[in-house]
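> Please find one structure pasted underneath; my questions will follow.
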Number of protein chains: 2
Amino acid sequence: MQSNEKKVPDVVVKRLPRYYRYLRELLNQDIKRISSNALSKMMKVTASQIRQDFNFFGGFGQQGYGYNVEYLLNEIGDILGLNDGETMIIVGAGNLGRALANHNSFAKRGFTLVGIFDNDNRIVGSTINGIRVMSDSEIENYIKENNVDIAILTLPHAAAHEMAQRLAKGGIKGILNFSYSELDLPDDIPIENVHLSDMLMTLSYRVKNQSKTENEE
Amino acid sequence: MQSNEKKVPDVVVKRLPRYYRYLRELLNQDIKRISSNALSKMMKVTASQIRQDFNFFGGFGQQGYGYNVEYLLNEIGDILGLNDGETMIIVGAGNLGRALANHNSFAKRGFTLVGIFDNDNRIVGSTINGIRVMSDSEIENYIKENNVDIAILTLPHAAAHEMAQRLAKGGIKGILNFSYSELDLPDDIPIENVHLSDMLMTLSYRVKNQSKTENEE
């Protein structure tokens, strides 16, 4: 199956969640079948791009008849590991950690938040969205005993690096990193960086160069 | 100057904030000069990649002597529009909006939060991180009168599209979009999407395929 195929390029992997999102929307609208041309128009990518992307995973169904939406959604969900019941913890119960604990779209995608950790004794023992905040002194054991898949790391720069080492020691399988550090971990622990300031700076560049273009024309 | 040069590819633009981040860190450590080789090692990209990237903006200084850190930081900051004193508003004072209002790294990059908007009368008039929450019924006028540059949109899917139209009408210059919608706006308003669930799904894919690789070897 998939595991025998060539490595899927990062850009293709990053497009999969977008396909998933659009297909889910179609299914919610009770649309059962869609041609690659219609999908192409809706998603503003070429039909050939879609076919190329899907070919990395064996193609998914006959072109002449279009794609079966539910089947395709399930296949892509499966490829993304959404049907595996992955568990996650949030490390850092500050403003961002709290907001993410209340971010219900994670649960909708099949990820279960099982614990929240912090080092502040004033909030340890309280609950956020029904989940108890635990002291992070127990975090390595917790990950091991509960076989936690993913950690969402929201600690500040100074504390992030040491915590990442501890998460790795506990056996974490992947980190969604909101801290403003790039973590230095073994390559077999995937890290997805969410550098919010970087995104704001990229937007700022595009705003600045957009207005330049306008002035020149 | 820059405006006369060819269009900079998106991948290069997206790397600029990362350069900015590393250079700022160097300056904080009082390092005044760095060779492209040393920068390359630190950032884990090839020196030739760095030179290629910088060549889009005229190169920045002599290779033999390395780069002047402060000069390079200022140049890249300037390219990113960080020295322009951009203003921003947050639309939606829910958990995520509140967390972002308290996210101090935005201010450190030169972005000033000038207003927070919500449609919930129970929180309109309260303050978050010293900024007053205003009713979003006045939002178009507020943007016009205050010449607001950027909106951070944290509304849910159902409300995001209509609000984006109103922001555009008010004259917003760019949107950092945390809502789970892709906004349909004129091309001259740049949008940077932060789809948190997509990032979690991408990580999930990499975790799943990481463990597959391990099992096969």
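Residues are named by chain letter and number: chains run A, B, ... in the order of the structure tokens, numbers start at 1 in each chain, and ligands are numbered from 1 in the order shown.
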Compute the set of chain A residues within 8 Å of chain B, using only C-alpha atoms, and express it as a PyMOL selection string.
chain A and resi 3+13-14+16-18+79-82+95-96+98-100+102+105-106+109+173-176+188-192+194+197-210+212-213
> Just the residues within 12 Å of A:Ala47, please, counting only C-alpha atoms, with nothing from its chain fewer than 5 positions along; format it as a list in words.
Ile34, Ser35, Ser36, Asn37, Ala38, Leu39, Ser40, Lys41, Met42, Gln52, Asp53, Phe54, Gln63 and Gly66 of chain A
> Please, could you write that set of residues out with N, CA and C atoms as a PDB file, in the first residue's frame?

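Once written, result_33.pdb looks like this:
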```
ATOM      1  N   ILE A  34     -18.005  14.158  -7.256  1.00  0.00           N
ATOM      2  CA  ILE A  34     -17.519  15.413  -7.841  1.00  0.00           C
ATOM      3  C   ILE A  34     -16.440  15.102  -8.873  1.00  0.00           C
ATOM      4  N   SER A  35     -16.491  15.806  -9.987  1.00  0.00           N
ATOM      5  CA  SER A  35     -15.472  15.626 -11.027  1.00  0.00           C
ATOM      6  C   SER A  35     -14.216  16.376 -10.618  1.00  0.00           C
ATOM      7  N   SER A  36     -13.080  15.970 -11.170  1.00  0.00           N
ATOM      8  CA  SER A  36     -11.858  16.685 -10.803  1.00  0.00           C
ATOM      9  C   SER A  36     -11.918  18.128 -11.314  1.00  0.00           C
ATOM     10  N   ASN A  37     -12.678  18.361 -12.395  1.00  0.00           N
ATOM     11  CA  ASN A  37     -12.819  19.740 -12.875  1.00  0.00           C
ATOM     12  C   ASN A  37     -13.594  20.618 -11.894  1.00  0.00           C
ATOM     13  N   ALA A  38     -14.670  20.076 -11.351  1.00  0.00           N
ATOM     14  CA  ALA A  38     -15.471  20.851 -10.387  1.00  0.00           C
ATOM     15  C   ALA A  38     -14.667  21.096  -9.114  1.00  0.00           C
ATOM     16  N   LEU A  39     -13.961  20.060  -8.666  1.00  0.00           N
ATOM     17  CA  LEU A  39     -13.115  20.204  -7.472  1.00  0.00           C
ATOM     18  C   LEU A  39     -12.036  21.261  -7.725  1.00  0.00           C
ATOM     19  N   SER A  40     -11.498  21.222  -8.923  1.00  0.00           N
ATOM     20  CA  SER A  40     -10.465  22.168  -9.338  1.00  0.00           C
ATOM     21  C   SER A  40     -10.963  23.614  -9.271  1.00  0.00           C
ATOM     22  N   LYS A  41     -12.147  23.842  -9.816  1.00  0.00           N
ATOM     23  CA  LYS A  41     -12.733  25.188  -9.833  1.00  0.00           C
ATOM     24  C   LYS A  41     -12.941  25.691  -8.406  1.00  0.00           C
ATOM     25  N   MET A  42     -13.500  24.815  -7.577  1.00  0.00           N
ATOM     26  CA  MET A  42     -13.833  25.174  -6.209  1.00  0.00           C
ATOM     27  C   MET A  42     -12.575  25.518  -5.402  1.00  0.00           C
ATOM     28  N   GLN A  52      -2.354  14.751 -10.142  1.00  0.00           N
ATOM     29  CA  GLN A  52      -0.959  14.464  -9.751  1.00  0.00           C
ATOM     30  C   GLN A  52      -0.841  14.196  -8.255  1.00  0.00           C
ATOM     31  N   ASP A  53      -1.484  15.057  -7.460  1.00  0.00           N
ATOM     32  CA  ASP A  53      -1.429  14.883  -5.999  1.00  0.00           C
ATOM     33  C   ASP A  53      -2.001  13.522  -5.615  1.00  0.00           C
ATOM     34  N   PHE A  54      -3.164  13.199  -6.161  1.00  0.00           N
ATOM     35  CA  PHE A  54      -3.852  11.964  -5.775  1.00  0.00           C
ATOM     36  C   PHE A  54      -3.070  10.732  -6.238  1.00  0.00           C
ATOM     37  N   GLN A  63     -11.750   8.671 -13.300  1.00  0.00           N
ATOM     38  CA  GLN A  63     -11.888  10.051 -13.713  1.00  0.00           C
ATOM     39  C   GLN A  63     -13.218  10.341 -14.408  1.00  0.00           C
ATOM     40  N   GLY A  66     -15.885  10.861 -12.070  1.00  0.00           N
ATOM     41  CA  GLY A  66     -15.586  11.762 -10.954  1.00  0.00           C
ATOM     42  C   GLY A  66     -15.243  10.960  -9.719  1.00  0.00           C
TER      43      GLY A  66
END
```
> Find the spatial neighbours of B:Glu162, counting only C-alpha atoms, within a cut-off of 12 Å - ignore same-chain residues fewer than 2 positions away - and output them as a list in words.
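Surrounding residues, per the criterion: Leu153, Leu155, Pro156, His157, Ala158, Ala159, Ala160, Ala164, Gln165, Arg166, Leu167, Ala168, Lys169, Ser181, Glu182, Leu183, Asp184 and Leu185 of chain B.
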> Looking only at helix (DSSP H, G or I) from DSSP on the backbone, list the matching residues of stretch 71-136 of chain B as an NGL selection string.
:B and (71-79 or 95-101 or 105-108 or 136)
> Next, the residues of the selection above should be written as a tab-separated table (two decimals), in the first residue's frame with C-alpha atoms.

```
chain	number	residue	atom	x	y	z
B	71	TYR	CA	22.60	46.16	8.84
B	72	LEU	CA	21.15	42.90	7.50
B	73	LEU	CA	18.51	42.80	10.26
B	74	ASN	CA	17.43	46.36	9.46
B	75	GLU	CA	17.33	45.71	5.73
B	76	ILE	CA	15.22	42.57	6.10
B	77	GLY	CA	13.02	44.31	8.66
B	78	ASP	CA	12.54	47.12	6.16
B	79	ILE	CA	11.66	44.69	3.35
B	95	ASN	CA	-10.49	32.61	23.44
B	96	LEU	CA	-8.18	32.85	20.45
B	97	GLY	CA	-8.72	36.58	19.96
B	98	ARG	CA	-7.89	37.18	23.62
B	99	ALA	CA	-4.78	35.01	23.42
B	100	LEU	CA	-3.57	36.90	20.35
B	101	ALA	CA	-4.28	40.26	22.01
B	105	SER	CA	5.73	39.06	20.09
B	106	PHE	CA	3.56	41.00	17.63
B	107	ALA	CA	4.38	44.29	19.35
B	108	LYS	CA	8.08	43.35	19.44
B	136	ASP	CA	-18.16	45.50	15.45
```
> Hey, can you check how far atom CA of B:Gly130 sits from atom CA of B:Thr112?
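Rounded to one decimal, the two atoms are 12.2 Å apart.
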> Determine which residues of stretch 159-203 of chain A receive a DSSP assignment of strand (DSSP E), computed from the backbone, and state them as a list in words.
Gly174, Ile175, Leu176, Asn177, Ile191, Glu192 and Asn193 of chain A
> If you keep C-alpha atoms, can you produce a file of those selected residues as a PDB file, in the first residue's frame?

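And here is the file that came out, selection_8.pdb:
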```pdb
ATOM      1  CA  GLY A 174       5.210  14.636  17.258  1.00  0.00           C
ATOM      2  CA  ILE A 175       5.118  18.274  18.380  1.00  0.00           C
ATOM      3  CA  LEU A 176       2.953  21.170  17.222  1.00  0.00           C
ATOM      4  CA  ASN A 177       5.284  23.954  18.260  1.00  0.00           C
ATOM      5  CA  ILE A 191       7.813  19.027  14.503  1.00  0.00           C
ATOM      6  CA  GLU A 192       5.315  21.360  12.888  1.00  0.00           C
ATOM      7  CA  ASN A 193       6.203  24.968  13.709  1.00  0.00           C
TER       8      ASN A 193
END
```
> Atom CA of B:Met134 to atom CA of B:Thr154: how many Å, to one decimal?
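Atom-to-atom, atom CA of B:Met134 to atom CA of B:Thr154, that is 15.0 Å.
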> Leaving out stretch 141-148 of chain A and any residue of its chain fewer than 6 positions from it, which residues lie within 6 Å of it when counting only C-alpha atoms, given as a ChimeraX atom specification?
/A:87-88,170
